[in-house]
Structure formats: C-alpha cells, structure tokens
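Enquirer: Sharing start_33.pdb below, PDB, C-alpha atoms and all ligand atoms:
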```pdb
MODEL        1
ATOM      1  CA  MET A   1     103.246 -35.628 -73.271
ATOM      2  CA  ALA A   2     103.665 -35.738 -69.532
ATOM      3  CA  PHE A   3     104.661 -32.075 -69.476
ATOM      4  CA  ALA A   4     101.586 -31.139 -71.489
ATOM      5  CA  ALA A   5      99.369 -33.030 -69.091
ATOM      6  CA  ILE A   6     100.859 -31.185 -66.094
ATOM      7  CA  TYR A   7     100.590 -27.876 -67.938
ATOM      8  CA  CYS A   8      96.935 -28.523 -68.692
ATOM      9  CA  ARG A   9      96.122 -29.668 -65.191
ATOM     10  CA  VAL A  10      97.679 -26.742 -63.358
ATOM     11  CA  PRO A  11      95.212 -24.045 -64.500
ATOM     12  CA  SER A  12      92.220 -26.264 -63.795
ATOM     13  CA  ARG A  13      93.580 -27.109 -60.335
ATOM     14  CA  MET A  14      94.194 -23.416 -59.724
ATOM     15  CA  PHE A  15      90.661 -22.657 -60.822
ATOM     16  CA  ASP A  16      89.292 -25.333 -58.499
ATOM     17  CA  LEU A  17      91.357 -23.950 -55.635
ATOM     18  CA  THR A  18      90.159 -20.407 -56.350
ATOM     19  CA  THR A  19      86.546 -21.563 -56.591
ATOM     20  CA  ALA A  20      86.897 -23.482 -53.344
ATOM     21  CA  ALA A  21      88.456 -20.440 -51.661
ATOM     22  CA  VAL A  22      85.694 -18.172 -52.952
ATOM     23  CA  ILE A  23      82.986 -20.602 -51.817
ATOM     24  CA  TYR A  24      84.698 -20.996 -48.421
ATOM     25  CA  CYS A  25      85.017 -17.238 -47.964
ATOM     26  CA  THR A  26      81.406 -16.711 -49.014
ATOM     27  CA  ILE A  27      80.193 -19.334 -46.531
ATOM     28  CA  VAL A  28      82.291 -17.782 -43.728
ATOM     29  CA  ALA A  29      81.030 -14.310 -44.634
ATOM     30  CA  VAL A  30      77.402 -15.466 -44.742
ATOM     31  CA  VAL A  31      77.779 -17.241 -41.379
ATOM     32  CA  PHE A  32      79.285 -14.152 -39.737
ATOM     33  CA  LEU A  33      76.731 -11.845 -41.350
ATOM     34  CA  GLY A  34      73.922 -14.103 -40.175
ATOM     35  CA  LEU A  35      75.309 -14.247 -36.625
ATOM     36  CA  TRP A  36      75.774 -10.481 -36.583
ATOM     37  CA  LEU A  37      72.236  -9.816 -37.828
ATOM     38  CA  TRP A  38      70.774 -12.356 -35.392
ATOM     39  CA  TYR A  39      72.583 -10.915 -32.366
ATOM     40  CA  ASP A  40      71.856  -7.354 -33.477
ATOM     41  CA  ARG A  41      68.115  -8.023 -33.808
ATOM     42  CA  ARG A  42      68.021  -9.927 -30.521
ATOM     43  CA  ASP A  43      69.792  -7.103 -28.664
ATOM     44  CA  HIS A  44      67.571  -4.504 -30.324
ATOM     45  CA  ARG A  45      64.418  -6.416 -29.333
ATOM     46  CA  ARG A  46      65.678  -6.771 -25.757
ATOM     47  CA  PHE A  47      66.557  -3.077 -25.621
ATOM     48  CA  GLU A  48      63.154  -2.076 -27.024
ATOM     49  CA  LEU A  49      61.350  -4.184 -24.422
ATOM     50  CA  GLU A  50      63.435  -2.564 -21.693
ATOM     51  CA  ARG A  51      62.955   0.917 -23.089
ATOM     52  CA  ARG A  52      59.236   0.791 -23.820
ATOM     53  CA  LYS A  53      57.685   1.108 -20.427
ATOM     54  CA  THR A  54      54.413   2.573 -19.352
ATOM     55  CA  THR A  55      54.496   5.165 -16.617
ATOM     56  CA  PHE A  56      51.904   5.133 -13.863
ATOM     57  CA  HIS A  57      51.047   7.779 -11.330
ATOM     58  CA  CYS A  58      49.353   6.720  -8.121
ATOM     59  CA  ILE A  59      46.427   8.982  -7.327
ATOM     60  CA  ARG A  60      46.409   7.837  -3.713
ATOM     61  CA  CYS A  61      50.047   8.142  -2.589
ATOM     62  CA  ASP A  62      51.453  10.287  -5.433
ATOM     63  CA  ALA A  63      54.103   7.712  -6.393
ATOM     64  CA  LEU A  64      55.507   7.318  -9.902
ATOM     65  CA  TYR A  65      56.305   3.824 -11.144
ATOM     66  CA  THR A  66      56.691   1.927 -14.396
ATOM     67  CA  ALA A  67      55.430  -1.349 -15.808
ATOM     68  CA  PRO A  68      56.218  -3.201 -19.058
ATOM     69  CA  SER A  69      54.604  -1.767 -22.163
ATOM     70  CA  GLY A  70      51.064  -2.801 -23.010
ATOM     71  CA  THR A  71      49.612  -2.781 -19.512
ATOM     72  CA  GLU A  72      46.664  -0.480 -18.944
ATOM     73  CA  LEU A  73      46.187  -1.064 -15.232
ATOM     74  CA  CYS A  74      48.912  -1.656 -12.650
ATOM     75  CA  LYS A  75      48.922  -1.818  -8.891
ATOM     76  CA  CYS A  76      51.029   0.709  -7.018
ATOM     77  CA  PRO A  77      54.078  -0.934  -5.386
ATOM     78  CA  LYS A  78      53.733   1.346  -2.340
ATOM     79  CA  CYS A  79      50.051   1.249  -1.424
ATOM     80  CA  GLY A  80      48.552  -1.336  -3.789
ATOM     81  CA  HIS A  81      46.022   1.028  -5.360
ATOM     82  CA  GLU A  82      45.301   0.126  -8.975
ATOM     83  CA  ASN A  83      45.962   3.005 -11.339
ATOM     84  CA  SER A  84      45.443   3.471 -15.052
ATOM     85  CA  ARG A  85      48.444   4.429 -17.153
ATOM     86  CA  LEU A  86      49.630   8.002 -17.421
ATOM     87  CA  ARG A  87      48.617   9.723 -20.645
ATOM     88  CA  PHE A  88      50.498  12.662 -22.059
TER      89      PHE A  88
HETATM   90 ZN    ZN A 101      50.179   4.318  -4.362
ENDMDL
END
```
Kindly transcribe the structure held in the file into structure tokens.
Expert:
Amino acid sequence: MAFAAIYCRVPSRMFDLTTAAVIYCTIVAVVFLGLWLWYDRRDHRRFELERRKTTFHCIRCDALYTAPSGTELCKCPKCGHENSRLRF
C-alpha cells in the first residue's frame, strides 16, 4: 500500500518538477529576450539619432557643419550667419 502510494506519487512529482522547470526556463528566456529587444531598440534609436544629421553649408564663410535631423535653419558656428539646410 505504502509502496503503491510512493510509486504513484513519483511520476506526478516528476511532472510537477518538469513543469516548474519549463515554466522557469520560459520566464528566464522571456526576460532575457525582452531585455535584449529593449536594449537593441534603444541602441538603434540612439544610433539613428546620431546618424541622421542635416548638413549645412554657410554661404558667407564657406563652412560645412551639421545639426540634428529635422532642423531647417541653423546658425553657422563660425560666423553666426543663418543658413538653410543643404539639399542634394
Ligand atoms: Zn559661416
């Protein structure tokens, strides 16, 4: 009787342990995947902001300079003349 009870309990305990391990591994995997995606998107956004720059050419002192993307007018850092962005 006691042997039968142990025999019956072992598979269910094993199943519980396997389920717990699977759930634990899934949670760990989801956490790491989420962190990876979050950091990847953050770095990509930062890189895009750094990369996307508007080029300006000063018509007064012939200097080339850049400003963050989206700006149409920017003052020249050398002479202060306001120039519109360079169009290609
Ligand atoms: Zn200038």
Enquirer: Rank A:Ala21, A:Cys61, A:Ile27, A:Leu37 by their smallest atom-to-atom distance to A:Glu82, using all atoms listed in the file, and report the top residue only.
Expert: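 Looking at the shortest contact to A:Glu82, the residue is A:Cys61.
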Enquirer: Please find the residues contacting ligand ZN 101 (chain A) at a distance of at most 8 Å between atoms, with all atoms listed in the file counted, and report them as number ranges by chain.
Expert: A: 57-63, 75-82
Enquirer: Between atom CA of A:Phe56 and atom CA of A:Pro68, what is the distance, to one decimal in Å?
Expert: 10.7 Å
Enquirer: Decode the PyMOL selection byres (((chain A and resi 84) around 6) and not hetatm) for the given file into explicit residues and return them as a list in words.
Expert: Glu72, Leu73, Asn83 and Arg85 of chain A
Enquirer: Work out how far atom CA of A:Arg51 is from atom CA of A:Leu64, in Å to one decimal.
Expert: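 Straight-line distance from atom CA of A:Leu64 to atom CA of A:Arg51 works out to 16.4 Å.
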Enquirer: Just give me the gap between atom CA of A:Ala67 and atom CA of A:Arg46 in Å, one decimal is fine.
Expert: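 That distance, rounded to one decimal, is 15.3 Å.
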Enquirer: I'd like to know which of A:Leu35, A:Leu86, A:Leu17, A:Ala29 is closest to A:Thr71, using only C-alpha atoms.
Expert: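 Once distances to A:Thr71 are computed over only C-alpha atoms, the minimum belongs to A:Leu86.
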